[in-house]
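Chemist: So that you have it, the file is start19.pdb, and it contains PDB, C-alpha atoms, pLDDT in the B column:
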```pdb
ATOM      1  CA  MET A   1     100.154 163.895 114.343  1.00 71.00           C
ATOM      2  CA  LYS A   2      99.221 164.353 110.706  1.00 76.00           C
ATOM      3  CA  ASN A   3     101.388 161.403 109.641  1.00 82.00           C
ATOM      4  CA  SER A   4      99.736 159.090 112.153  1.00 86.00           C
ATOM      5  CA  PHE A   5      96.262 160.098 110.980  1.00 87.00           C
ATOM      6  CA  THR A   6      97.271 159.507 107.351  1.00 90.00           C
ATOM      7  CA  LEU A   7      98.662 156.101 108.295  1.00 92.00           C
ATOM      8  CA  PHE A   8      95.422 155.266 110.111  1.00 92.00           C
ATOM      9  CA  GLU A   9      93.396 156.270 107.022  1.00 94.00           C
ATOM     10  CA  LEU A  10      95.608 154.120 104.828  1.00 94.00           C
ATOM     11  CA  ILE A  11      95.247 151.077 107.092  1.00 96.00           C
ATOM     12  CA  LEU A  12      91.477 151.547 107.303  1.00 96.00           C
ATOM     13  CA  THR A  13      91.238 151.846 103.507  1.00 97.00           C
ATOM     14  CA  VAL A  14      93.270 148.672 103.003  1.00 97.00           C
ATOM     15  CA  VAL A  15      91.127 146.735 105.489  1.00 97.00           C
ATOM     16  CA  ILE A  16      87.888 147.878 103.847  1.00 97.00           C
ATOM     17  CA  SER A  17      89.248 147.114 100.359  1.00 97.00           C
ATOM     18  CA  VAL A  18      90.413 143.636 101.358  1.00 97.00           C
ATOM     19  CA  THR A  19      87.027 142.887 102.955  1.00 97.00           C
ATOM     20  CA  ILE A  20      85.183 143.993  99.808  1.00 98.00           C
ATOM     21  CA  ILE A  21      87.500 141.938  97.592  1.00 98.00           C
ATOM     22  CA  ILE A  22      87.081 138.807  99.739  1.00 98.00           C
ATOM     23  CA  TYR A  23      83.289 138.997  99.775  1.00 97.00           C
ATOM     24  CA  THR A  24      83.165 139.772  96.056  1.00 98.00           C
ATOM     25  CA  THR A  25      85.346 136.752  95.320  1.00 98.00           C
ATOM     26  CA  LEU A  26      83.124 134.490  97.436  1.00 97.00           C
ATOM     27  CA  PHE A  27      80.016 135.826  95.692  1.00 98.00           C
ATOM     28  CA  VAL A  28      81.490 135.263  92.238  1.00 98.00           C
ATOM     29  CA  LYS A  29      82.551 131.727  93.217  1.00 98.00           C
ATOM     30  CA  ASP A  30      79.034 130.862  94.409  1.00 97.00           C
ATOM     31  CA  LEU A  31      77.552 132.386  91.285  1.00 97.00           C
ATOM     32  CA  MET A  32      79.825 130.314  89.052  1.00 98.00           C
ATOM     33  CA  ILE A  33      78.920 127.095  90.887  1.00 97.00           C
ATOM     34  CA  LEU A  34      75.214 127.895  90.564  1.00 97.00           C
ATOM     35  CA  ASN A  35      75.583 128.634  86.844  1.00 97.00           C
ATOM     36  CA  LYS A  36      77.543 125.428  86.286  1.00 96.00           C
ATOM     37  CA  ASN A  37      74.841 123.341  87.980  1.00 93.00           C
ATOM     38  CA  SER A  38      72.109 125.119  86.014  1.00 94.00           C
ATOM     39  CA  LEU A  39      74.000 124.479  82.789  1.00 95.00           C
ATOM     40  CA  TYR A  40      74.227 120.728  83.468  1.00 91.00           C
ATOM     41  CA  LYS A  41      70.511 120.557  84.277  1.00 91.00           C
ATOM     42  CA  GLU A  42      69.532 122.425  81.128  1.00 93.00           C
ATOM     43  CA  ILE A  43      71.783 120.246  78.977  1.00 91.00           C
ATOM     44  CA  ALA A  44      70.099 117.162  80.449  1.00 90.00           C
ATOM     45  CA  ARG A  45      66.662 118.627  79.654  1.00 91.00           C
ATOM     46  CA  VAL A  46      67.678 119.378  76.072  1.00 93.00           C
ATOM     47  CA  GLU A  47      69.052 115.845  75.657  1.00 92.00           C
ATOM     48  CA  LEU A  48      65.795 114.390  76.997  1.00 92.00           C
ATOM     49  CA  ASN A  49      63.698 116.525  74.665  1.00 93.00           C
ATOM     50  CA  SER A  50      65.838 115.630  71.655  1.00 95.00           C
ATOM     51  CA  THR A  51      65.519 111.944  72.568  1.00 93.00           C
ATOM     52  CA  LYS A  52      61.750 112.324  72.750  1.00 94.00           C
ATOM     53  CA  ILE A  53      61.657 113.976  69.315  1.00 95.00           C
ATOM     54  CA  PHE A  54      63.915 111.251  67.908  1.00 94.00           C
ATOM     55  CA  LEU A  55      61.618 108.535  69.269  1.00 93.00           C
ATOM     56  CA  GLU A  56      58.551 110.269  67.849  1.00 93.00           C
ATOM     57  CA  LEU A  57      60.194 110.412  64.432  1.00 93.00           C
ATOM     58  CA  ASN A  58      61.242 106.742  64.612  1.00 91.00           C
ATOM     59  CA  LYS A  59      58.115 105.385  66.297  1.00 89.00           C
ATOM     60  CA  LYS A  60      57.924 102.373  63.973  1.00 89.00           C
ATOM     61  CA  GLU A  61      61.345 101.157  65.139  1.00 90.00           C
ATOM     62  CA  LEU A  62      61.008 101.360  68.930  1.00 89.00           C
ATOM     63  CA  ASN A  63      62.020  97.714  69.242  1.00 88.00           C
ATOM     64  CA  LYS A  64      65.613  98.717  68.313  1.00 91.00           C
ATOM     65  CA  LEU A  65      66.074 100.511  71.652  1.00 92.00           C
ATOM     66  CA  SER A  66      68.193  98.895  74.346  1.00 92.00           C
ATOM     67  CA  LEU A  67      69.710  99.942  77.665  1.00 92.00           C
ATOM     68  CA  SER A  68      73.183  98.781  78.629  1.00 91.00           C
ATOM     69  CA  ASN A  69      75.600 100.199  81.220  1.00 92.00           C
ATOM     70  CA  LYS A  70      73.477 103.325  81.787  1.00 92.00           C
ATOM     71  CA  THR A  71      73.525 104.098  78.073  1.00 94.00           C
ATOM     72  CA  LEU A  72      70.480 104.013  75.819  1.00 94.00           C
ATOM     73  CA  TYR A  73      71.205 102.590  72.369  1.00 94.00           C
ATOM     74  CA  PHE A  74      69.203 102.766  69.170  1.00 93.00           C
ATOM     75  CA  ASP A  75      70.286 100.121  66.691  1.00 90.00           C
ATOM     76  CA  ASN A  76      73.713  99.836  68.431  1.00 89.00           C
ATOM     77  CA  THR A  77      74.261 103.618  68.267  1.00 93.00           C
ATOM     78  CA  ILE A  78      74.423 105.726  71.423  1.00 93.00           C
ATOM     79  CA  LEU A  79      71.238 107.738  71.852  1.00 93.00           C
ATOM     80  CA  LEU A  80      71.444 108.966  75.466  1.00 93.00           C
ATOM     81  CA  LYS A  81      73.895 108.554  78.346  1.00 92.00           C
ATOM     82  CA  ASN A  82      73.412 108.440  82.136  1.00 91.00           C
ATOM     83  CA  VAL A  83      70.045 106.663  81.932  1.00 94.00           C
ATOM     84  CA  THR A  84      69.088 104.837  85.122  1.00 92.00           C
ATOM     85  CA  THR A  85      65.750 103.336  84.071  1.00 92.00           C
ATOM     86  CA  PHE A  86      64.102 102.878  80.713  1.00 93.00           C
ATOM     87  CA  ASN A  87      60.846 101.017  79.953  1.00 92.00           C
ATOM     88  CA  ILE A  88      58.648 100.837  76.871  1.00 92.00           C
ATOM     89  CA  ASN A  89      55.110  99.499  77.053  1.00 92.00           C
ATOM     90  CA  ILE A  90      53.354  99.177  73.703  1.00 89.00           C
ATOM     91  CA  SER A  91      49.613  98.733  73.999  1.00 89.00           C
ATOM     92  CA  GLY A  92      47.419  99.160  70.963  1.00 86.00           C
ATOM     93  CA  GLU A  93      48.088 102.471  69.269  1.00 90.00           C
ATOM     94  CA  VAL A  94      50.135 104.044  72.090  1.00 92.00           C
ATOM     95  CA  ALA A  95      53.681 103.420  73.262  1.00 93.00           C
ATOM     96  CA  THR A  96      54.417 104.564  76.807  1.00 94.00           C
ATOM     97  CA  VAL A  97      58.069 105.369  77.484  1.00 93.00           C
ATOM     98  CA  ASN A  98      59.254 105.728  81.086  1.00 94.00           C
ATOM     99  CA  ILE A  99      62.763 107.178  81.343  1.00 94.00           C
ATOM    100  CA  SER A 100      64.866 108.612  84.156  1.00 93.00           C
ATOM    101  CA  LEU A 101      68.372 110.023  84.231  1.00 91.00           C
ATOM    102  CA  GLU A 102      71.010 109.941  86.972  1.00 86.00           C
ATOM    103  CA  ASN A 103      70.439 113.559  87.893  1.00 75.00           C
ATOM    104  CA  SER A 104      66.838 112.773  88.952  1.00 78.00           C
ATOM    105  CA  PHE A 105      65.039 113.766  85.759  1.00 85.00           C
ATOM    106  CA  LYS A 106      62.068 111.462  85.223  1.00 91.00           C
ATOM    107  CA  GLN A 107      59.656 111.644  82.332  1.00 92.00           C
ATOM    108  CA  ILE A 108      56.828 109.563  80.920  1.00 93.00           C
ATOM    109  CA  TRP A 109      56.125 109.957  77.223  1.00 92.00           C
ATOM    110  CA  LYS A 110      53.121 108.690  75.291  1.00 93.00           C
ATOM    111  CA  ILE A 111      53.821 108.219  71.604  1.00 91.00           C
ATOM    112  CA  ALA A 112      50.994 107.530  69.172  1.00 90.00           C
ATOM    113  CA  LEU A 113      51.906 104.704  66.801  1.00 84.00           C
TER
END
```
Before anything else, please render the file you have as structure tokens.

Modeler:
Amino acid sequence: MKNSFTLFELILTVVISVTIIIYTTLFVKDLMILNKNSLYKEIARVELNSTKIFLELNKKELNKLSLSNKTLYFDNTILLKNVTTFNINISGEVATVNISLENSFKQIWKIAL
């Protein structure tokens, strides 16, 4: 009788341990996917902000910007990738830049000339 109870305890412990391990693995997998997506979004935001700073520093040479094959070029040098739309409207003392990336980031910048 004692051996059967010990065997029952062992089986119950294994079942509970396996259940905990499975749910922990699923949780860690979901957490890693969420962190990976957050990382890509934050990298895109940093790239957009660095592009904005670059354009503000080179505001006299905005005519050297061009978009080709979803890549934004400045004087034939890659400035930003995965760009879906890019427009510059220069009116008077202000240049308005409308830019959007593939991952649905859209921004409108106003740069004083």

Chemist: Might you pull out every residue within 8 Å of segment 56-71 of chain A, with all atoms listed in the file counted and same-chain residues fewer than 3 positions away left off, and present them as a PyMOL selection string?

Modeler: chain A and resi 52-53+74-75+78-84+86+111-113

Chemist: What's around Ala44 of chain A at 9 Å? Count all atoms listed in the file, leave out sequence neighbours fewer than 5 positions away in its own chain, and write the answer as a list in words.

Modeler: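 Skipping anything fewer than 5 positions along the chain leaves Leu39, Asn49, Leu101, Asn103 and Phe105 of chain A.
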
Chemist: Enter the distance from atom CA of Thr6 of chain A to atom CA of Tyr23 of chain A, in Å, rounded to one decimal.

Modeler: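 If I compute the distance from atom CA of Thr6 of chain A to atom CA of Tyr23 of chain A, I get 26.0 Å.
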
Chemist: Could you check how far atom CA of Ile88 of chain A sits from atom CA of Ser104 of chain A, in Å to one decimal?

Modeler: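 One can read the atom CA of Ile88 of chain A to atom CA of Ser104 of chain A distance as 18.9 Å.
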
Chemist: Could the centre and edge lengths of an axis-aligned box, enclosing all atoms of segment 31-39 of chain A in the file with 4 Å extra on each side, be given in Å to one decimal as lines of an AutoDock Vina configuration file?

Modeler:
```
center_x = 76.0
center_y = 127.9
center_z = 87.0
size_x = 15.7
size_y = 17.0
size_z = 16.5
```

Chemist: For atom CA of Leu72 of chain A and atom CA of Lys36 of chain A, determine how far apart the two atoms are, in Å to one decimal place.

Modeler: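 Straight-line distance from atom CA of Leu72 of chain A to atom CA of Lys36 of chain A works out to 24.9 Å.
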
Chemist: Using all atoms listed in the file, pick whichever of A:Ser17, A:Trp109, A:Lys2, A:Ile22 has the shortest atom-to-atom distance to Val94 of chain A.

Modeler: A:Trp109
